[in-house]
$ cat start_32.txt   # compact mmCIF, N, CA and C atoms
# COMPACT_ATOMS: atom_id res chain seq x y z
N MET A 2 29.85 -91.35 49.15
CA MET A 2 29.53 -92.71 49.54
C MET A 2 29.64 -93.59 48.30
N ARG A 3 30.27 -94.73 48.47
CA ARG A 3 30.43 -95.65 47.34
C ARG A 3 29.15 -96.44 47.10
N ALA A 4 29.02 -96.92 45.90
CA ALA A 4 27.88 -97.76 45.56
C ALA A 4 28.05 -99.15 46.17
N GLU A 5 29.31 -99.64 46.23
CA GLU A 5 29.60 -100.97 46.79
C GLU A 5 30.86 -100.91 47.65
N TYR A 6 30.90 -101.78 48.66
CA TYR A 6 32.07 -101.90 49.53
C TYR A 6 32.54 -103.34 49.51
N ASP A 7 33.86 -103.55 49.60
CA ASP A 7 34.44 -104.89 49.58
C ASP A 7 34.75 -105.33 51.01
N PHE A 8 34.01 -106.30 51.52
CA PHE A 8 34.22 -106.83 52.85
C PHE A 8 34.85 -108.22 52.81
N SER A 9 35.43 -108.60 51.68
CA SER A 9 35.99 -109.94 51.53
C SER A 9 37.15 -110.21 52.50
N LYS A 10 37.86 -109.17 52.93
CA LYS A 10 38.98 -109.34 53.87
C LYS A 10 38.59 -108.91 55.29
N GLY A 11 37.32 -108.70 55.50
CA GLY A 11 36.85 -108.28 56.81
C GLY A 11 36.87 -109.43 57.81
N LYS A 12 36.99 -109.08 59.09
CA LYS A 12 36.99 -110.08 60.16
C LYS A 12 35.90 -109.72 61.16
N ARG A 13 35.30 -110.77 61.73
CA ARG A 13 34.28 -110.56 62.75
C ARG A 13 34.94 -110.28 64.08
N GLY A 14 34.25 -109.59 64.93
CA GLY A 14 34.76 -109.36 66.28
C GLY A 14 34.94 -107.88 66.56
N ALA A 15 35.51 -107.62 67.74
CA ALA A 15 35.73 -106.25 68.17
C ALA A 15 36.73 -105.55 67.26
N VAL A 16 36.50 -104.28 67.05
CA VAL A 16 37.40 -103.50 66.20
C VAL A 16 38.76 -103.35 66.90
N MET A 17 38.73 -103.08 68.20
CA MET A 17 39.96 -102.93 68.97
C MET A 17 40.04 -104.08 69.98
N PRO A 18 40.91 -105.06 69.75
CA PRO A 18 40.99 -106.18 70.70
C PRO A 18 41.54 -105.71 72.05
N GLN A 19 41.01 -106.29 73.13
CA GLN A 19 41.47 -105.97 74.46
C GLN A 19 42.65 -106.86 74.80
N LYS A 20 43.70 -106.28 75.33
CA LYS A 20 44.87 -107.05 75.71
C LYS A 20 44.76 -107.46 77.16
N GLY A 21 45.04 -108.73 77.44
CA GLY A 21 45.06 -109.21 78.81
C GLY A 21 43.73 -109.68 79.35
N LYS A 22 42.68 -109.57 78.59
CA LYS A 22 41.36 -110.01 79.04
C LYS A 22 40.67 -110.76 77.92
N THR A 23 39.83 -111.72 78.31
CA THR A 23 39.08 -112.52 77.36
C THR A 23 37.62 -112.50 77.75
N ARG A 24 36.75 -112.28 76.79
CA ARG A 24 35.31 -112.31 77.04
C ARG A 24 34.86 -113.76 77.07
N ILE A 25 34.14 -114.14 78.15
CA ILE A 25 33.60 -115.49 78.27
C ILE A 25 32.16 -115.42 78.74
N SER A 26 31.47 -116.53 78.63
CA SER A 26 30.14 -116.68 79.21
C SER A 26 30.28 -117.62 80.39
N ILE A 27 29.67 -117.29 81.51
CA ILE A 27 29.78 -118.11 82.71
C ILE A 27 28.46 -118.03 83.47
N PHE A 28 28.07 -119.12 84.09
CA PHE A 28 26.87 -119.16 84.90
C PHE A 28 27.27 -118.95 86.36
N ILE A 29 26.68 -117.93 86.98
CA ILE A 29 26.93 -117.59 88.38
C ILE A 29 25.59 -117.63 89.09
N ASP A 30 25.59 -118.13 90.33
CA ASP A 30 24.36 -118.12 91.12
C ASP A 30 23.82 -116.69 91.19
N ASN A 31 22.50 -116.54 91.11
CA ASN A 31 21.88 -115.22 91.14
C ASN A 31 22.22 -114.46 92.42
N ALA A 32 22.22 -115.15 93.55
CA ALA A 32 22.52 -114.49 94.82
C ALA A 32 23.96 -113.99 94.85
N VAL A 33 24.88 -114.75 94.27
CA VAL A 33 26.28 -114.34 94.22
C VAL A 33 26.42 -113.09 93.35
N LEU A 34 25.81 -113.12 92.20
CA LEU A 34 25.87 -111.99 91.28
C LEU A 34 25.22 -110.75 91.89
N ASP A 35 24.08 -110.91 92.53
CA ASP A 35 23.39 -109.78 93.16
C ASP A 35 24.27 -109.14 94.24
N GLU A 36 24.95 -109.98 95.01
CA GLU A 36 25.81 -109.45 96.08
C GLU A 36 27.00 -108.69 95.51
N PHE A 37 27.63 -109.22 94.48
CA PHE A 37 28.74 -108.51 93.86
C PHE A 37 28.27 -107.18 93.27
N ARG A 38 27.11 -107.17 92.64
CA ARG A 38 26.58 -105.93 92.08
C ARG A 38 26.29 -104.90 93.16
N ALA A 39 25.71 -105.34 94.28
CA ALA A 39 25.41 -104.43 95.39
C ALA A 39 26.70 -103.85 95.98
N ARG A 40 27.70 -104.71 96.18
CA ARG A 40 28.97 -104.23 96.73
C ARG A 40 29.68 -103.30 95.75
N ALA A 41 29.58 -103.59 94.48
CA ALA A 41 30.23 -102.75 93.48
C ALA A 41 29.58 -101.37 93.45
N GLU A 42 28.26 -101.32 93.58
CA GLU A 42 27.56 -100.04 93.59
C GLU A 42 27.97 -99.21 94.79
N LYS A 43 28.10 -99.86 95.96
CA LYS A 43 28.53 -99.15 97.16
C LYS A 43 29.97 -98.66 97.02
N GLY A 44 30.81 -99.49 96.41
CA GLY A 44 32.23 -99.15 96.28
C GLY A 44 32.56 -98.28 95.08
N GLY A 45 31.60 -98.06 94.21
CA GLY A 45 31.84 -97.23 93.05
C GLY A 45 32.75 -97.88 92.02
N THR A 46 32.69 -99.19 91.90
CA THR A 46 33.49 -99.91 90.92
C THR A 46 32.60 -100.89 90.18
N GLY A 47 33.15 -101.64 89.24
CA GLY A 47 32.37 -102.61 88.50
C GLY A 47 32.33 -103.97 89.19
N TYR A 48 31.21 -104.65 89.10
CA TYR A 48 31.09 -105.95 89.75
C TYR A 48 32.00 -106.99 89.12
N GLN A 49 32.23 -106.90 87.81
CA GLN A 49 33.12 -107.86 87.15
C GLN A 49 34.55 -107.66 87.63
N THR A 50 34.92 -106.41 87.85
CA THR A 50 36.25 -106.11 88.38
C THR A 50 36.40 -106.71 89.77
N MET A 51 35.37 -106.59 90.59
CA MET A 51 35.42 -107.16 91.94
C MET A 51 35.53 -108.68 91.90
N MET A 52 34.79 -109.31 91.00
CA MET A 52 34.86 -110.77 90.88
C MET A 52 36.26 -111.19 90.43
N ASN A 53 36.82 -110.45 89.48
CA ASN A 53 38.15 -110.75 88.99
C ASN A 53 39.18 -110.62 90.12
N GLU A 54 39.07 -109.56 90.93
CA GLU A 54 39.98 -109.35 92.05
C GLU A 54 39.85 -110.45 93.09
N ALA A 55 38.62 -110.91 93.36
CA ALA A 55 38.42 -111.99 94.33
C ALA A 55 39.08 -113.28 93.84
N LEU A 56 38.92 -113.58 92.57
CA LEU A 56 39.55 -114.78 92.01
C LEU A 56 41.06 -114.65 91.97
N ARG A 57 41.56 -113.49 91.60
CA ARG A 57 43.00 -113.25 91.56
C ARG A 57 43.60 -113.40 92.95
N SER A 58 42.93 -112.86 93.96
CA SER A 58 43.39 -112.95 95.34
C SER A 58 43.47 -114.41 95.79
N TYR A 59 42.44 -115.16 95.47
CA TYR A 59 42.42 -116.57 95.85
C TYR A 59 43.56 -117.34 95.17
N LEU A 60 43.74 -117.10 93.89
CA LEU A 60 44.77 -117.82 93.15
C LEU A 60 46.17 -117.49 93.65
N SER A 61 46.38 -116.28 94.14
CA SER A 61 47.71 -115.91 94.64
C SER A 61 48.00 -116.55 96.00
N GLU A 62 46.97 -117.02 96.68
CA GLU A 62 47.13 -117.59 98.02
C GLU A 62 47.16 -119.12 98.03
N THR A 63 46.93 -119.76 96.92
CA THR A 63 46.81 -121.22 96.93
C THR A 63 47.37 -121.84 95.66
N ASP A 64 47.74 -123.09 95.77
CA ASP A 64 48.16 -123.87 94.60
C ASP A 64 47.06 -124.84 94.20
N GLN A 65 45.94 -124.78 94.88
CA GLN A 65 44.83 -125.69 94.64
C GLN A 65 44.22 -125.45 93.26
N LEU A 66 43.85 -126.52 92.58
CA LEU A 66 43.20 -126.39 91.28
C LEU A 66 41.85 -125.71 91.43
N VAL A 67 41.48 -124.91 90.47
CA VAL A 67 40.19 -124.23 90.50
C VAL A 67 39.16 -125.10 89.80
N THR A 68 38.34 -125.74 90.61
CA THR A 68 37.24 -126.55 90.09
C THR A 68 35.95 -125.78 90.32
N GLU A 69 34.86 -126.29 89.81
CA GLU A 69 33.57 -125.64 90.05
C GLU A 69 33.29 -125.53 91.54
N LYS A 70 33.59 -126.58 92.27
CA LYS A 70 33.35 -126.58 93.71
C LYS A 70 34.20 -125.52 94.41
N VAL A 71 35.45 -125.44 94.05
CA VAL A 71 36.36 -124.47 94.64
C VAL A 71 35.93 -123.05 94.29
N LEU A 72 35.56 -122.83 93.04
CA LEU A 72 35.12 -121.51 92.60
C LEU A 72 33.90 -121.05 93.39
N ARG A 73 32.95 -121.93 93.55
CA ARG A 73 31.76 -121.58 94.33
C ARG A 73 32.14 -121.24 95.78
N GLN A 74 33.06 -122.00 96.36
CA GLN A 74 33.50 -121.76 97.73
C GLN A 74 34.17 -120.39 97.85
N VAL A 75 35.01 -120.05 96.92
CA VAL A 75 35.70 -118.76 96.94
C VAL A 75 34.70 -117.62 96.87
N LEU A 76 33.75 -117.71 95.96
CA LEU A 76 32.76 -116.64 95.82
C LEU A 76 31.93 -116.50 97.08
N ARG A 77 31.60 -117.58 97.71
CA ARG A 77 30.81 -117.52 98.94
C ARG A 77 31.61 -116.95 100.10
N GLN A 78 32.92 -117.19 100.13
CA GLN A 78 33.75 -116.62 101.18
C GLN A 78 33.80 -115.10 101.07
N GLU A 79 33.65 -114.61 99.87
CA GLU A 79 33.68 -113.16 99.66
C GLU A 79 32.37 -112.51 100.08
N MET A 80 31.34 -113.31 100.33
CA MET A 80 30.04 -112.75 100.63
C MET A 80 29.37 -113.40 101.83
N PRO A 81 29.75 -112.98 103.02
CA PRO A 81 29.10 -113.58 104.20
C PRO A 81 27.59 -113.35 104.22
N GLU A 82 27.14 -112.23 103.63
CA GLU A 82 25.70 -111.98 103.59
C GLU A 82 24.97 -113.04 102.78
N TYR A 83 25.65 -113.58 101.77
CA TYR A 83 25.04 -114.63 100.96
C TYR A 83 24.79 -115.87 101.82
N LEU A 84 25.77 -116.24 102.61
CA LEU A 84 25.59 -117.41 103.47
C LEU A 84 24.53 -117.14 104.54
N LYS A 85 24.51 -115.92 105.05
CA LYS A 85 23.50 -115.56 106.05
C LYS A 85 22.10 -115.68 105.45
N GLY A 86 21.96 -115.26 104.18
CA GLY A 86 20.67 -115.31 103.50
C GLY A 86 20.17 -116.73 103.29
N LEU A 87 21.09 -117.69 103.22
CA LEU A 87 20.69 -119.08 103.04
C LEU A 87 20.04 -119.66 104.29
N THR A 88 20.44 -119.15 105.46
CA THR A 88 19.92 -119.71 106.71
C THR A 88 18.67 -119.00 107.20
N GLU A 89 18.40 -117.78 106.68
CA GLU A 89 17.22 -117.05 107.10
C GLU A 89 16.00 -117.54 106.33
N PRO A 90 14.89 -117.75 107.00
CA PRO A 90 13.69 -118.16 106.29
C PRO A 90 13.15 -117.03 105.43
N SER A 91 12.62 -117.37 104.28
CA SER A 91 12.04 -116.35 103.41
C SER A 91 10.60 -116.10 103.80
N GLY A 92 10.21 -114.83 103.75
CA GLY A 92 8.82 -114.48 104.06
C GLY A 92 8.48 -114.51 105.53
N GLY A 93 9.48 -114.69 106.41
CA GLY A 93 9.23 -114.64 107.83
C GLY A 93 8.60 -115.90 108.40
N ARG A 94 8.35 -116.90 107.59
CA ARG A 94 7.74 -118.14 108.08
C ARG A 94 8.74 -119.27 107.95
N THR A 95 8.79 -120.13 108.93
CA THR A 95 9.67 -121.28 108.86
C THR A 95 8.88 -122.52 108.56
N LYS A 96 9.44 -123.39 107.79
CA LYS A 96 8.79 -124.64 107.48
C LYS A 96 9.50 -125.75 108.25
N THR A 97 8.71 -126.66 108.78
CA THR A 97 9.30 -127.80 109.48
C THR A 97 9.10 -129.04 108.63
N ARG A 98 10.16 -129.82 108.54
CA ARG A 98 10.07 -131.07 107.78
C ARG A 98 9.70 -132.20 108.70
N ARG A 99 8.86 -133.06 108.25
CA ARG A 99 8.49 -134.24 109.05
C ARG A 99 8.74 -135.47 108.27
$ encode --input "start_32.txt" --output "structure tokens"
Amino acid sequence: MRAEYDFSKGKRGAVMPQKGKTRISIFIDNAVLDEFRARAEKGGTGYQTMMNEALRSYLSETDQLVTEKVLRQVLRQEMPEYLKGLTEPSGGRTKTRR
């Protein structure tokens, strides 16, 4: 083992860069993420892979620009249970607005 090491030419980041993919941070609704994770567990695949496939499928079918609104719509189309969960009352009680 050396007494000193020269890191002057070192670079930050992954040692082996991934080709064809980029790491990003993104905010996803909790219910959307939970549904993708549940489906991925049942299917024996990764939830990020499933999200990527859903987006890729959508992009191959349309020329529409991907905006936040469109992205949310696409993710919800992939999860009918998510939409069903929005209409069901939580805790078994319904609230009436007056």
$ axis_aligned_box --input "start_32.txt" --around "segment 61-76 of chain A" --padding-each-side "6 Å" --output "lines of an AutoDock Vina configuration file"
center_x = 40.0
center_y = -121.2
center_z = 93.9
size_x = 28.4
size_y = 22.7
size_z = 20.2
$ residues_around --input "start_32.txt" --residues "Gly47 of chain A" --least-positions-apart "5" --cutoff "7 Å" --atoms "all atoms listed in the file" --output "list of chain:residue names"
A:Phe37, A:Arg38, A:Ala41, A:Glu42, A:Met52
$ closest_residue --input "start_32.txt" --among "A:Gln74, A:Phe28, A:Ala4, A:Lys22" --to "Thr50 of chain A" --atoms "only C-alpha atoms"
A:Lys22
